[in-house]
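Listing of start14.cif, mmCIF, C-alpha atoms
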data_data
loop_
_atom_site.label_atom_id
_atom_site.label_comp_id
_atom_site.auth_asym_id
_atom_site.auth_seq_id
_atom_site.Cartn_x
_atom_site.Cartn_y
_atom_site.Cartn_z
CA MET A 1 -5.65 24.44 5.33
CA THR A 2 -4.24 21.31 3.74
CA THR A 3 -1.29 20.01 5.76
CA LEU A 4 1.56 17.88 4.48
CA TYR A 5 3.34 15.80 7.09
CA GLY A 6 6.71 15.11 5.52
CA TYR A 7 10.43 15.51 5.70
CA PHE A 8 12.55 17.65 3.43
CA ARG A 9 14.66 14.73 2.21
CA SER A 10 11.91 12.10 1.97
CA SER A 11 11.50 11.44 -1.71
CA ALA A 12 7.92 10.29 -1.20
CA ALA A 13 7.08 13.64 0.45
CA TYR A 14 8.98 15.41 -2.35
CA ARG A 15 6.65 13.78 -4.92
CA VAL A 16 3.60 15.13 -3.11
CA ARG A 17 5.11 18.62 -2.82
CA ILE A 18 5.61 18.70 -6.59
CA ALA A 19 2.02 17.57 -7.16
CA LEU A 20 0.64 20.23 -4.80
CA ASN A 21 2.78 22.90 -6.47
CA LEU A 22 1.81 21.85 -10.01
CA LYS A 23 -1.85 22.04 -8.99
CA GLY A 24 -1.28 25.44 -7.42
CA LEU A 25 -2.70 24.28 -4.10
CA ALA A 26 -1.86 26.08 -0.87
CA TYR A 27 -0.63 23.86 1.95
CA GLU A 28 1.27 24.08 5.16
CA GLN A 29 4.08 21.75 6.08
CA ALA A 30 4.38 19.85 9.33
CA PRO A 31 7.87 18.36 9.39
CA VAL A 32 8.39 14.85 10.80
CA ASN A 33 12.10 14.47 11.42
CA LEU A 34 12.98 10.99 10.17
CA VAL A 35 16.55 11.10 11.46
CA ALA A 36 15.31 11.96 14.95
CA GLY A 37 12.77 9.11 14.75
CA GLU A 38 9.68 11.32 14.94
CA GLN A 39 7.90 9.03 12.45
CA ARG A 40 7.53 6.52 15.32
CA SER A 41 5.77 9.06 17.57
CA LYS A 42 2.26 8.32 18.74
CA GLU A 43 0.95 11.25 16.71
CA ASN A 44 2.53 10.08 13.48
CA LEU A 45 1.53 6.44 14.01
CA ALA A 46 -2.07 7.57 14.48
CA ARG A 47 -1.95 9.12 11.02
CA GLN A 48 0.34 6.56 9.40
CA PRO A 49 0.41 3.20 11.24
CA GLN A 50 3.55 2.18 9.39
CA GLY A 51 5.52 5.08 10.81
CA LEU A 52 6.37 6.59 7.46
CA VAL A 53 5.87 9.89 5.68
CA PRO A 54 4.14 11.55 3.91
CA SER A 55 0.58 11.96 5.07
CA LEU A 56 -1.65 14.64 3.65
CA VAL A 57 -4.44 15.96 5.86
CA THR A 58 -7.04 17.68 3.72
CA GLU A 59 -9.04 20.78 4.64
CA ASP A 60 -11.97 18.58 5.63
CA GLY A 61 -9.75 16.50 7.94
CA ARG A 62 -9.26 13.47 5.71
CA VAL A 63 -5.94 11.68 6.30
CA LEU A 64 -4.33 10.32 3.14
CA ASN A 65 -1.26 8.07 3.03
CA GLN A 66 1.06 6.67 0.37
CA SER A 67 2.50 9.27 -1.97
CA LEU A 68 1.21 7.86 -5.25
CA ALA A 69 -2.30 7.42 -3.86
CA ILE A 70 -2.15 11.00 -2.57
CA CYS A 71 -1.03 12.32 -5.96
CA GLU A 72 -3.82 10.46 -7.76
CA TYR A 73 -6.32 11.84 -5.23
CA LEU A 74 -5.07 15.37 -5.89
CA ASP A 75 -5.33 14.72 -9.61
CA GLU A 76 -8.90 13.48 -9.32
CA THR A 77 -10.07 16.28 -7.05
CA HIS A 78 -8.13 19.04 -8.86
CA PRO A 79 -7.98 17.87 -12.47
CA GLU A 80 -5.96 20.78 -13.92
CA PRO A 81 -3.18 20.55 -14.90
CA ALA A 82 -3.54 16.78 -15.33
CA LEU A 83 -0.88 14.50 -13.85
CA LEU A 84 -2.08 11.58 -15.98
CA PRO A 85 -2.78 11.37 -19.73
CA SER A 86 -6.37 11.30 -20.98
CA ASP A 87 -6.12 7.81 -22.55
CA ALA A 88 -6.03 4.50 -20.65
CA ALA A 89 -2.89 3.28 -22.43
CA GLY A 90 -1.08 6.52 -21.62
CA ARG A 91 -2.17 6.31 -18.02
CA ALA A 92 -0.88 2.73 -17.86
CA ARG A 93 2.48 3.83 -19.24
CA VAL A 94 2.80 6.75 -16.81
CA ARG A 95 1.77 4.65 -13.83
CA ALA A 96 4.22 1.91 -14.83
CA LEU A 97 7.09 4.42 -15.07
CA ALA A 98 6.11 5.89 -11.70
CA GLN A 99 5.91 2.42 -10.16
CA LEU A 100 9.27 1.43 -11.63
CA VAL A 101 10.68 4.09 -9.31
CA ALA A 102 8.22 3.74 -6.43
CA CYS A 103 8.09 -0.07 -6.28
CA GLU A 104 11.47 -1.15 -7.66
CA ILE A 105 14.05 1.46 -6.64
CA HIS A 106 12.93 3.64 -3.78
CA PRO A 107 11.76 0.92 -1.33
CA LEU A 108 15.19 -0.70 -1.39
CA ASP A 109 17.14 2.48 -0.73
CA ASN A 110 14.84 3.83 1.95
CA LEU A 111 16.30 5.02 5.25
CA ARG A 112 14.73 2.18 7.29
CA VAL A 113 16.24 -0.41 4.94
CA LEU A 114 19.71 1.13 5.04
CA LYS A 115 19.43 1.16 8.84
CA TYR A 116 18.53 -2.54 8.86
CA LEU A 117 21.49 -3.37 6.63
CA VAL A 118 23.92 -1.58 8.94
CA GLY A 119 22.25 -2.43 12.25
CA GLU A 120 20.85 -5.95 11.99
CA LEU A 121 23.08 -7.28 9.21
CA GLY A 122 26.29 -5.50 10.16
CA VAL A 123 26.90 -4.31 6.60
CA ASP A 124 29.79 -1.82 6.34
CA GLU A 125 29.63 1.61 4.73
CA ASP A 126 31.14 0.46 1.43
CA ALA A 127 28.72 -2.45 1.04
CA LYS A 128 25.83 -0.17 1.95
CA LEU A 129 26.80 2.29 -0.77
CA THR A 130 27.22 -0.56 -3.25
CA TRP A 131 23.73 -1.77 -2.37
CA TYR A 132 22.31 1.72 -2.81
CA ARG A 133 23.93 2.25 -6.18
CA HIS A 134 23.07 -1.25 -7.37
CA TRP A 135 19.31 -0.68 -7.11
CA ILE A 136 19.60 2.78 -8.64
CA ALA A 137 21.53 1.30 -11.59
CA GLU A 138 19.11 -1.61 -12.00
CA GLY A 139 16.12 0.69 -12.05
CA PHE A 140 17.58 3.59 -13.99
CA SER A 141 18.94 1.29 -16.74
CA ALA A 142 15.43 0.00 -17.35
CA LEU A 143 13.90 3.45 -17.06
CA GLU A 144 16.47 4.85 -19.51
CA ALA A 145 15.65 2.05 -21.98
CA GLN A 146 11.96 2.87 -21.78
CA LEU A 147 12.36 6.65 -21.92
CA SER A 148 14.80 6.55 -24.82
CA ARG A 149 13.02 4.02 -27.03
CA GLU A 150 9.32 4.47 -26.40
CA ALA A 151 7.27 6.81 -28.56
CA GLY A 152 5.40 8.16 -25.53
CA SER A 153 8.42 10.05 -24.21
CA GLY A 154 8.71 13.77 -24.89
CA ASP A 155 10.13 16.75 -23.04
CA PHE A 156 8.94 14.87 -19.98
CA CYS A 157 8.57 11.15 -19.23
CA HIS A 158 5.30 11.11 -21.13
CA GLY A 159 4.63 13.84 -23.66
CA ASP A 160 5.44 17.47 -23.11
CA THR A 161 3.91 18.14 -19.72
CA PRO A 162 4.88 16.71 -16.31
CA THR A 163 3.05 13.62 -15.11
CA LEU A 164 3.10 11.30 -12.12
CA ALA A 165 6.19 9.65 -13.65
CA ASP A 166 8.20 12.89 -13.47
CA LEU A 167 7.06 13.40 -9.88
CA CYS A 168 8.76 10.11 -9.04
CA LEU A 169 11.78 10.52 -11.29
CA VAL A 170 13.11 13.84 -10.00
CA PRO A 171 13.22 12.91 -6.28
CA GLN A 172 14.91 9.63 -7.21
CA VAL A 173 17.55 11.49 -9.23
CA PHE A 174 18.05 13.81 -6.25
CA ASN A 175 18.70 10.77 -4.06
CA ALA A 176 21.04 9.23 -6.63
CA GLU A 177 23.06 12.45 -6.79
CA ARG A 178 23.20 12.63 -3.02
CA PHE A 179 24.79 9.18 -2.96
CA ALA A 180 27.15 10.13 -5.81
CA CYS A 181 25.74 7.62 -8.29
CA ASP A 182 27.19 7.87 -11.79
CA LEU A 183 24.31 9.01 -14.01
CA SER A 184 26.30 9.42 -17.25
CA ALA A 185 24.72 6.33 -18.79
CA TYR A 186 21.24 7.84 -18.53
CA PRO A 187 20.98 10.78 -20.97
CA ALA A 188 17.19 10.60 -21.29
CA ILE A 189 16.78 10.64 -17.52
CA GLN A 190 19.12 13.61 -17.28
CA ARG A 191 17.40 15.52 -20.10
CA ILE A 192 13.94 15.06 -18.59
CA THR A 193 15.14 15.85 -15.08
CA GLY A 194 16.62 19.08 -16.43
CA ASN A 195 13.32 20.03 -18.02
CA CYS A 196 11.50 19.34 -14.75
CA ARG A 197 13.98 21.34 -12.72
CA ALA A 198 13.37 24.36 -14.95
CA LEU A 199 9.81 24.55 -13.61
CA PRO A 200 9.00 26.53 -10.43
CA ALA A 201 6.73 23.71 -9.15
CA PHE A 202 9.73 21.39 -9.02
CA GLN A 203 12.14 24.04 -7.78
CA GLN A 204 9.88 24.99 -4.90
CA ALA A 205 9.51 21.33 -3.92
CA ALA A 206 13.25 20.66 -3.78
CA PRO A 207 14.54 19.43 -0.42
CA GLU A 208 17.02 22.25 0.12
CA THR A 209 14.28 24.88 -0.10
CA GLN A 210 11.98 23.31 2.52
CA PRO A 211 11.44 24.90 5.94
CA ASP A 212 12.89 21.89 7.76
CA ALA A 213 16.02 21.60 5.58
CA HIS A 214 19.12 21.34 7.69
CA MET B 1 -5.73 -13.29 -27.29
CA THR B 2 -4.49 -11.42 -24.24
CA THR B 3 -1.25 -12.97 -22.96
CA LEU B 4 0.11 -12.80 -19.45
CA TYR B 5 3.85 -13.27 -19.11
CA GLY B 6 4.29 -14.32 -15.52
CA TYR B 7 5.43 -16.98 -13.12
CA PHE B 8 3.20 -19.05 -10.90
CA ARG B 9 4.86 -17.89 -7.68
CA SER B 10 5.37 -14.23 -8.62
CA SER B 11 3.03 -12.30 -6.40
CA ALA B 12 2.89 -9.44 -8.90
CA ALA B 13 1.72 -11.84 -11.62
CA TYR B 14 -0.72 -13.35 -9.10
CA ARG B 15 -2.32 -9.91 -8.63
CA VAL B 16 -2.90 -9.58 -12.36
CA ARG B 17 -4.34 -13.10 -12.62
CA ILE B 18 -6.90 -12.23 -9.95
CA ALA B 19 -7.82 -9.02 -11.77
CA LEU B 20 -8.25 -10.84 -15.09
CA ASN B 21 -10.38 -13.51 -13.41
CA LEU B 22 -12.57 -11.01 -11.55
CA LYS B 23 -13.18 -9.21 -14.84
CA GLY B 24 -13.99 -12.52 -16.53
CA LEU B 25 -11.37 -11.90 -19.25
CA ALA B 26 -9.91 -14.77 -21.25
CA TYR B 27 -6.11 -14.87 -21.39
CA GLU B 28 -3.33 -17.26 -22.11
CA GLN B 29 -0.31 -17.64 -19.90
CA ALA B 30 3.27 -17.53 -21.12
CA PRO B 31 5.42 -18.63 -18.17
CA VAL B 32 8.76 -16.92 -17.52
CA ASN B 33 10.70 -19.15 -15.15
CA LEU B 34 12.26 -16.80 -12.61
CA VAL B 35 14.28 -19.52 -10.91
CA ALA B 36 15.82 -20.52 -14.25
CA GLY B 37 16.60 -16.84 -14.98
CA GLU B 38 14.32 -16.55 -18.02
CA GLN B 39 13.39 -13.01 -16.98
CA ARG B 40 16.84 -11.92 -18.19
CA SER B 41 16.27 -13.40 -21.67
CA LYS B 42 16.40 -11.08 -24.68
CA GLU B 43 12.70 -11.69 -25.29
CA ASN B 44 11.66 -10.78 -21.79
CA LEU B 45 13.93 -7.74 -21.62
CA ALA B 46 12.36 -6.46 -24.86
CA ARG B 47 8.99 -6.53 -23.12
CA GLN B 48 10.19 -5.58 -19.67
CA PRO B 49 13.59 -3.80 -19.65
CA GLN B 50 13.98 -4.40 -15.93
CA GLY B 51 13.86 -8.17 -16.37
CA LEU B 52 10.82 -8.67 -14.16
CA VAL B 53 7.35 -10.12 -14.50
CA PRO B 54 4.50 -9.68 -15.17
CA SER B 55 3.86 -8.15 -18.56
CA LEU B 56 0.44 -8.21 -20.14
CA VAL B 57 0.26 -8.15 -23.93
CA THR B 58 -3.19 -7.07 -25.02
CA GLU B 59 -5.12 -8.34 -28.03
CA ASP B 60 -4.05 -5.27 -30.00
CA GLY B 61 -0.38 -5.92 -29.18
CA ARG B 62 0.07 -3.35 -26.45
CA VAL B 63 2.72 -4.31 -23.86
CA LEU B 64 1.85 -3.31 -20.30
CA ASN B 65 4.19 -3.55 -17.32
CA GLN B 66 3.95 -3.11 -13.54
CA SER B 67 1.16 -5.09 -11.93
CA LEU B 68 -0.73 -2.20 -10.33
CA ALA B 69 -0.65 -0.19 -13.55
CA ILE B 70 -1.89 -3.26 -15.43
CA CYS B 71 -4.75 -3.78 -12.95
CA GLU B 72 -5.80 -0.13 -13.21
CA TYR B 73 -5.71 -0.41 -17.01
CA LEU B 74 -7.94 -3.47 -16.87
CA ASP B 75 -10.28 -1.63 -14.53
CA GLU B 76 -10.50 1.37 -16.84
CA THR B 77 -11.01 -0.66 -20.00
CA HIS B 78 -13.36 -3.23 -18.41
CA PRO B 79 -15.16 -1.30 -15.67
CA GLU B 80 -17.28 -4.15 -14.27
CA PRO B 81 -16.90 -5.39 -11.62
CA ALA B 82 -15.01 -2.33 -10.39
CA LEU B 83 -11.66 -2.82 -8.66
CA LEU B 84 -11.77 0.70 -7.24
CA PRO B 85 -14.54 2.51 -5.33
CA SER B 86 -16.58 5.18 -7.07
CA ASP B 87 -15.46 8.04 -4.78
CA ALA B 88 -12.04 9.73 -4.82
CA ALA B 89 -11.51 9.24 -1.08
CA GLY B 90 -12.33 5.56 -1.37
CA ARG B 91 -9.98 5.18 -4.30
CA ALA B 92 -7.23 6.90 -2.31
CA ARG B 93 -7.75 4.48 0.57
CA VAL B 94 -7.72 1.40 -1.67
CA ARG B 95 -4.64 2.56 -3.56
CA ALA B 96 -2.86 3.34 -0.29
CA LEU B 97 -3.60 -0.14 1.07
CA ALA B 98 -2.45 -1.70 -2.20
CA GLN B 99 0.71 0.39 -2.14
CA LEU B 100 1.41 -0.50 1.46
CA VAL B 101 1.89 -4.03 0.15
CA ALA B 102 3.33 -3.22 -3.27
CA CYS B 103 5.74 -0.45 -2.21
CA GLU B 104 6.58 -1.32 1.40
CA ILE B 105 6.55 -5.11 1.76
CA HIS B 106 6.86 -6.92 -1.54
CA PRO B 107 9.88 -5.06 -2.99
CA LEU B 108 12.00 -6.01 0.02
CA ASP B 109 11.16 -9.70 -0.08
CA ASN B 110 11.45 -10.12 -3.81
CA LEU B 111 13.55 -12.96 -5.21
CA ARG B 112 16.22 -10.64 -6.67
CA VAL B 113 16.65 -8.95 -3.29
CA LEU B 114 16.95 -12.23 -1.38
CA LYS B 115 19.53 -13.33 -3.96
CA TYR B 116 21.54 -10.14 -3.39
CA LEU B 117 21.45 -10.65 0.38
CA VAL B 118 22.79 -14.18 0.08
CA GLY B 119 25.12 -13.66 -2.88
CA GLU B 120 26.64 -10.18 -2.56
CA LEU B 121 26.24 -9.69 1.18
CA GLY B 122 26.90 -13.28 2.29
CA VAL B 123 23.82 -13.34 4.53
CA ASP B 124 23.08 -16.81 5.93
CA GLU B 125 19.74 -18.62 5.71
CA ASP B 126 18.62 -17.64 9.21
CA ALA B 127 19.32 -13.96 8.69
CA LYS B 128 17.60 -14.07 5.30
CA LEU B 129 14.48 -15.54 6.90
CA THR B 130 14.61 -12.94 9.66
CA TRP B 131 14.82 -10.20 7.02
CA TYR B 132 11.87 -11.68 5.15
CA ARG B 133 9.69 -11.94 8.23
CA HIS B 134 10.72 -8.53 9.51
CA TRP B 135 9.30 -6.71 6.49
CA ILE B 136 6.16 -8.84 6.51
CA ALA B 137 5.64 -8.01 10.19
CA GLU B 138 6.34 -4.29 9.70
CA GLY B 139 3.87 -4.08 6.83
CA PHE B 140 1.19 -6.41 8.15
CA SER B 141 1.12 -4.70 11.57
CA ALA B 142 0.32 -1.41 9.86
CA LEU B 143 -2.14 -3.03 7.48
CA GLU B 144 -3.87 -4.81 10.36
CA ALA B 145 -4.18 -1.49 12.24
CA GLN B 146 -5.79 0.14 9.23
CA LEU B 147 -8.08 -2.76 8.37
CA SER B 148 -9.27 -3.22 11.93
CA ARG B 149 -9.87 0.40 12.88
CA GLU B 150 -10.95 2.16 9.70
CA ALA B 151 -14.62 2.46 8.81
CA GLY B 152 -13.93 1.66 5.15
CA SER B 153 -13.15 -2.00 5.87
CA GLY B 154 -15.82 -4.60 5.28
CA ASP B 155 -15.86 -8.21 4.15
CA PHE B 156 -12.93 -7.14 2.02
CA CYS B 157 -10.22 -4.50 2.50
CA HIS B 158 -12.66 -1.83 1.37
CA GLY B 159 -16.36 -2.53 1.57
CA ASP B 160 -17.94 -5.81 0.62
CA THR B 161 -16.46 -6.46 -2.81
CA PRO B 162 -12.84 -7.15 -3.75
CA THR B 163 -10.68 -4.22 -4.79
CA LEU B 164 -7.11 -3.58 -5.86
CA ALA B 165 -6.15 -3.81 -2.17
CA ASP B 166 -7.32 -7.42 -1.90
CA LEU B 167 -5.48 -8.26 -5.13
CA CYS B 168 -2.28 -7.23 -3.35
CA LEU B 169 -3.12 -8.64 0.06
CA VAL B 170 -3.81 -12.27 -0.89
CA PRO B 171 -0.56 -12.90 -2.82
CA GLN B 172 1.39 -11.29 0.03
CA VAL B 173 -0.32 -13.59 2.55
CA PHE B 174 0.52 -16.55 0.31
CA ASN B 175 4.18 -15.48 0.41
CA ALA B 176 4.10 -14.99 4.16
CA GLU B 177 2.66 -18.49 4.65
CA ARG B 178 5.29 -19.95 2.35
CA PHE B 179 7.99 -18.48 4.57
CA ALA B 180 6.18 -19.68 7.69
CA CYS B 181 5.49 -16.21 9.07
CA ASP B 182 3.33 -16.14 12.19
CA LEU B 183 0.09 -14.43 11.16
CA SER B 184 -1.80 -14.90 14.43
CA ALA B 185 -1.50 -11.20 15.28
CA TYR B 186 -3.44 -10.20 12.17
CA PRO B 187 -7.06 -11.34 12.52
CA ALA B 188 -8.46 -8.77 10.10
CA ILE B 189 -5.93 -9.77 7.44
CA GLN B 190 -6.82 -13.42 7.98
CA ARG B 191 -10.57 -12.81 7.89
CA ILE B 192 -10.39 -10.82 4.65
CA THR B 193 -7.99 -13.29 3.06
CA GLY B 194 -10.43 -16.08 3.89
CA ASN B 195 -13.26 -14.17 2.22
CA CYS B 196 -11.13 -13.65 -0.89
CA ARG B 197 -10.10 -17.27 -1.05
CA ALA B 198 -13.74 -18.32 -1.08
CA LEU B 199 -14.10 -16.69 -4.51
CA PRO B 200 -13.35 -18.65 -7.71
CA ALA B 201 -11.46 -15.67 -9.20
CA PHE B 202 -8.92 -15.90 -6.38
CA GLN B 203 -8.86 -19.71 -6.31
CA GLN B 204 -8.16 -19.92 -10.02
CA ALA B 205 -5.33 -17.40 -9.68
CA ALA B 206 -3.56 -19.29 -6.89
CA PRO B 207 0.04 -20.29 -7.67
CA GLU B 208 -0.50 -24.02 -7.17
CA THR B 209 -3.20 -24.14 -9.85
CA GLN B 210 -1.15 -22.46 -12.59
CA PRO B 211 0.11 -24.38 -15.64
CA ASP B 212 3.76 -23.73 -14.75
CA ALA B 213 3.44 -24.74 -11.07
CA HIS B 214 6.16 -27.16 -10.10
#
Could I get this structure in the form of structure tokens?
Amino acid sequence: MTTLYGYFRSSAAYRVRIALNLKGLAYEQAPVNLVAGEQRSKENLARQPQGLVPSLVTEDGRVLNQSLAICEYLDETHPEPALLPSDAAGRARVRALAQLVACEIHPLDNLRVLKYLVGELGVDEDAKLTWYRHWIAEGFSALEAQLSREAGSGDFCHGDTPTLADLCLVPQVFNAERFACDLSAYPAIQRITGNCRALPAFQQAAPETQPDAH
Amino acid sequence: MTTLYGYFRSSAAYRVRIALNLKGLAYEQAPVNLVAGEQRSKENLARQPQGLVPSLVTEDGRVLNQSLAICEYLDETHPEPALLPSDAAGRARVRALAQLVACEIHPLDNLRVLKYLVGELGVDEDAKLTWYRHWIAEGFSALEAQLSREAGSGDFCHGDTPTLADLCLVPQVFNAERFACDLSAYPAIQRITGNCRALPAFQQAAPETQPDAH
């Protein structure tokens, strides 16, 4: 059985859950409690030397790391339904939208970074929240501009079926809502997120419905 | 003519320069001076709503953003020499190594983030340097573990030809050296970087040899 090592609130694990669900793949979950520090355990470091989640262990024992790499692997090994468009330009657009979230927003608002701000830099709660919301606003403003003005957008980030970009968008919106970010300036993001959330694959991947949710 | 909007010291632009050189593609460079704030110009925001570099404008006028998406586009449209292995598992490993740099190290040590630390959070020079080196050490320790223990490693991050992973590694090592990070604990990273730097495609992409170097 395919096993996903993740955490209910990890947005990187959330992306992989959506991909697995869209592909209709069966998997079991092995929670790694990030708040309890289980990502630094010997077992997790053996799978993921950086001490992060998610890792996906395939049926044949292959250990895969990094959520976007995992999702592309799933897309290549289980092509239907496709998570990337069939044309190179479309794939470039989808990957760029996904990376806008995965390289420009999420890394800055990650748990380990927030911990460093508070612990090593002595940043107070207000300044931490301001930091969090700043990077959401920076990224979402750009994403909104692209989604609202580019011809590639449709019911979803690219066209009318979910792609890798939507897999990144929805967990990031979940995080933004959790930190009470004002999303009123992002109607395209909200519209597409709503369309995603209407799909069972996204609903069943949501943090609050995971076995380790607490 | 293909045009690369970049900056000599941007490690994301550096990745794309290496890819273009490995593919043997002709391109002209249009520098966007990040220190002078040109990334926030109307022209750059029209190409790249987030106000970042690089963007690649193709011969047919297509605007591509996000360095990894650009490199994959180049690999798909100009398959030789390949920047990704021919097997799905190999591709997953290379993408994961690339993303370890591009999603876990680089975003935290980016110019805009260092500016926020100093400006908004009032972090002093010492603490800024400690931050910088902390994320390099976190990421490089994990990368070193993977490169030194995994069978996929060779003369380069994956096998004996450069891949997307090396395109990310070398610019990150350049940054680490610039900030005087101690790299003695990372022999595999150093060995592979040395092999990359022996190749003209990497040499000609190096920041100090770019037209806008200053």
Expansion of the PyMOL selection byres ((chain A) within 7 of (chain B)) into residues, as a short mmCIF file (atom, residue, chain, number, x, y, z; two decimals) with C-alpha atoms, in the frame of the given file:
data_model
loop_
_atom_site.label_atom_id
_atom_site.label_comp_id
_atom_site.auth_asym_id
_atom_site.auth_seq_id
_atom_site.Cartn_x
_atom_site.Cartn_y
_atom_site.Cartn_z
CA PRO A 49 0.41 3.20 11.24
CA GLN A 50 3.55 2.18 9.39
CA ASN A 65 -1.26 8.07 3.03
CA GLN A 66 1.06 6.67 0.37
CA ALA A 69 -2.30 7.42 -3.86
CA ILE A 70 -2.15 11.00 -2.57
CA TYR A 73 -6.32 11.84 -5.23
CA GLU A 76 -8.90 13.48 -9.32
CA ALA A 88 -6.03 4.50 -20.65
CA ALA A 92 -0.88 2.73 -17.86
CA ARG A 95 1.77 4.65 -13.83
CA ALA A 96 4.22 1.91 -14.83
CA GLN A 99 5.91 2.42 -10.16
CA ALA A 102 8.22 3.74 -6.43
CA CYS A 103 8.09 -0.07 -6.28
CA GLU A 104 11.47 -1.15 -7.66
CA PRO A 107 11.76 0.92 -1.33
CA LEU A 108 15.19 -0.70 -1.39
CA GLY A 139 16.12 0.69 -12.05
CA ALA A 142 15.43 0.00 -17.35
CA ALA A 145 15.65 2.05 -21.98
#
* Show which residues sit within 10 Å of Pro81 of chain A, as a VMD selection string. Count only C-alpha atoms, and ignore same-chain residues fewer than 2 positions away. => chain A and resid 19 22 to 24 75 78 to 79 83 to 84 161 to 163
* Pick from B:Pro85, B:Arg197, B:Ser10, B:Tyr132 nearest to Gly152 of chain B, counting all atoms listed in the file -> B:Pro85
* **Atomic separation - atom CA of Ser148 of chain A relative to atom CA of Ser184 of chain A, Å** =>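 Straight-line distance from atom CA of Ser184 of chain A to atom CA of Ser148 of chain A works out to 14.1 Å.
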* Quick one: pull the distance between atom CA of Thr58 of chain B and atom CA of Asp155 of chain A, Å, one decimal. => 27.4 Å
* Run the PyMOL selection byres ((chain B and resi 213) around 12) against the file shown and list the residues it catches, as a list in words. => Gly6, Tyr7, Phe8, Arg9, Ser10, Gln29, Pro31, Val32, Asn33, Leu34, Ala205, Ala206, Pro207, Glu208, Thr209, Gln210, Pro211, Asp212 and His214 of chain B
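The spacing separating atom CA of Leu167 of chain B from atom CA of Tyr14 of chain B amounts to 8.0 Å.
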* For this file, the PyMOL selection byres ((chain A and resi 188-190) around 7) selects which residues, as a list in words? ->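 Output of the PyMOL selection byres ((chain A and resi 188-190) around 7): Glu144, Leu147, Ser148, Tyr186, Pro187, Arg191, Ile192, Thr193 and Gly194 of chain A.
Nearest-residue note for Leu199 of chain A: choosing from A:Asp166, A:Glu125, A:Glu80, A:Asp60, the minimum distance belongs to A:Asp166, counting only C-alpha atoms.
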Could you model N, CA and C atoms for segment 192-206 of chain B and present them as a PDB file, keeping the file's coordinate frame?
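See result01.pdb below for the written result:
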ATOM      1  N   ILE B 192     -10.186 -11.315   6.019  1.00  0.00           N
ATOM      2  CA  ILE B 192     -10.390 -10.820   4.650  1.00  0.00           C
ATOM      3  C   ILE B 192      -9.783 -11.782   3.630  1.00  0.00           C
ATOM      4  N   THR B 193      -8.613 -12.316   3.963  1.00  0.00           N
ATOM      5  CA  THR B 193      -7.990 -13.290   3.060  1.00  0.00           C
ATOM      6  C   THR B 193      -8.898 -14.500   2.876  1.00  0.00           C
ATOM      7  N   GLY B 194      -9.500 -14.952   3.969  1.00  0.00           N
ATOM      8  CA  GLY B 194     -10.430 -16.080   3.890  1.00  0.00           C
ATOM      9  C   GLY B 194     -11.615 -15.771   2.978  1.00  0.00           C
ATOM     10  N   ASN B 195     -12.144 -14.555   3.083  1.00  0.00           N
ATOM     11  CA  ASN B 195     -13.260 -14.170   2.220  1.00  0.00           C
ATOM     12  C   ASN B 195     -12.849 -14.150   0.744  1.00  0.00           C
ATOM     13  N   CYS B 196     -11.643 -13.670   0.496  1.00  0.00           N
ATOM     14  CA  CYS B 196     -11.130 -13.650  -0.890  1.00  0.00           C
ATOM     15  C   CYS B 196     -10.979 -15.065  -1.418  1.00  0.00           C
ATOM     16  N   ARG B 197     -10.402 -15.910  -0.592  1.00  0.00           N
ATOM     17  CA  ARG B 197     -10.100 -17.270  -1.050  1.00  0.00           C
ATOM     18  C   ARG B 197     -11.349 -18.115  -1.277  1.00  0.00           C
ATOM     19  N   ALA B 198     -12.487 -17.613  -0.809  1.00  0.00           N
ATOM     20  CA  ALA B 198     -13.740 -18.320  -1.080  1.00  0.00           C
ATOM     21  C   ALA B 198     -14.244 -18.036  -2.498  1.00  0.00           C
ATOM     22  N   LEU B 199     -13.648 -17.078  -3.164  1.00  0.00           N
ATOM     23  CA  LEU B 199     -14.100 -16.690  -4.510  1.00  0.00           C
ATOM     24  C   LEU B 199     -13.319 -17.422  -5.594  1.00  0.00           C
ATOM     25  N   PRO B 200     -14.033 -17.945  -6.614  1.00  0.00           N
ATOM     26  CA  PRO B 200     -13.350 -18.650  -7.710  1.00  0.00           C
ATOM     27  C   PRO B 200     -12.254 -17.812  -8.383  1.00  0.00           C
ATOM     28  N   ALA B 201     -12.458 -16.510  -8.514  1.00  0.00           N
ATOM     29  CA  ALA B 201     -11.460 -15.670  -9.200  1.00  0.00           C
ATOM     30  C   ALA B 201     -10.119 -15.723  -8.480  1.00  0.00           C
ATOM     31  N   PHE B 202     -10.162 -15.801  -7.162  1.00  0.00           N
ATOM     32  CA  PHE B 202      -8.920 -15.900  -6.380  1.00  0.00           C
ATOM     33  C   PHE B 202      -8.386 -17.333  -6.417  1.00  0.00           C
ATOM     34  N   GLN B 203      -9.283 -18.299  -6.299  1.00  0.00           N
ATOM     35  CA  GLN B 203      -8.860 -19.710  -6.310  1.00  0.00           C
ATOM     36  C   GLN B 203      -8.145 -20.050  -7.606  1.00  0.00           C
ATOM     37  N   GLN B 204      -8.728 -19.572  -8.710  1.00  0.00           N
ATOM     38  CA  GLN B 204      -8.160 -19.920 -10.020  1.00  0.00           C
ATOM     39  C   GLN B 204      -6.873 -19.155 -10.321  1.00  0.00           C
ATOM     40  N   ALA B 205      -6.578 -18.159  -9.510  1.00  0.00           N
ATOM     41  CA  ALA B 205      -5.330 -17.400  -9.680  1.00  0.00           C
ATOM     42  C   ALA B 205      -4.219 -17.913  -8.775  1.00  0.00           C
ATOM     43  N   ALA B 206      -4.539 -18.827  -7.890  1.00  0.00           N
ATOM     44  CA  ALA B 206      -3.560 -19.290  -6.890  1.00  0.00           C
ATOM     45  C   ALA B 206      -2.372 -19.975  -7.574  1.00  0.00           C
TER      46      ALA B 206
END
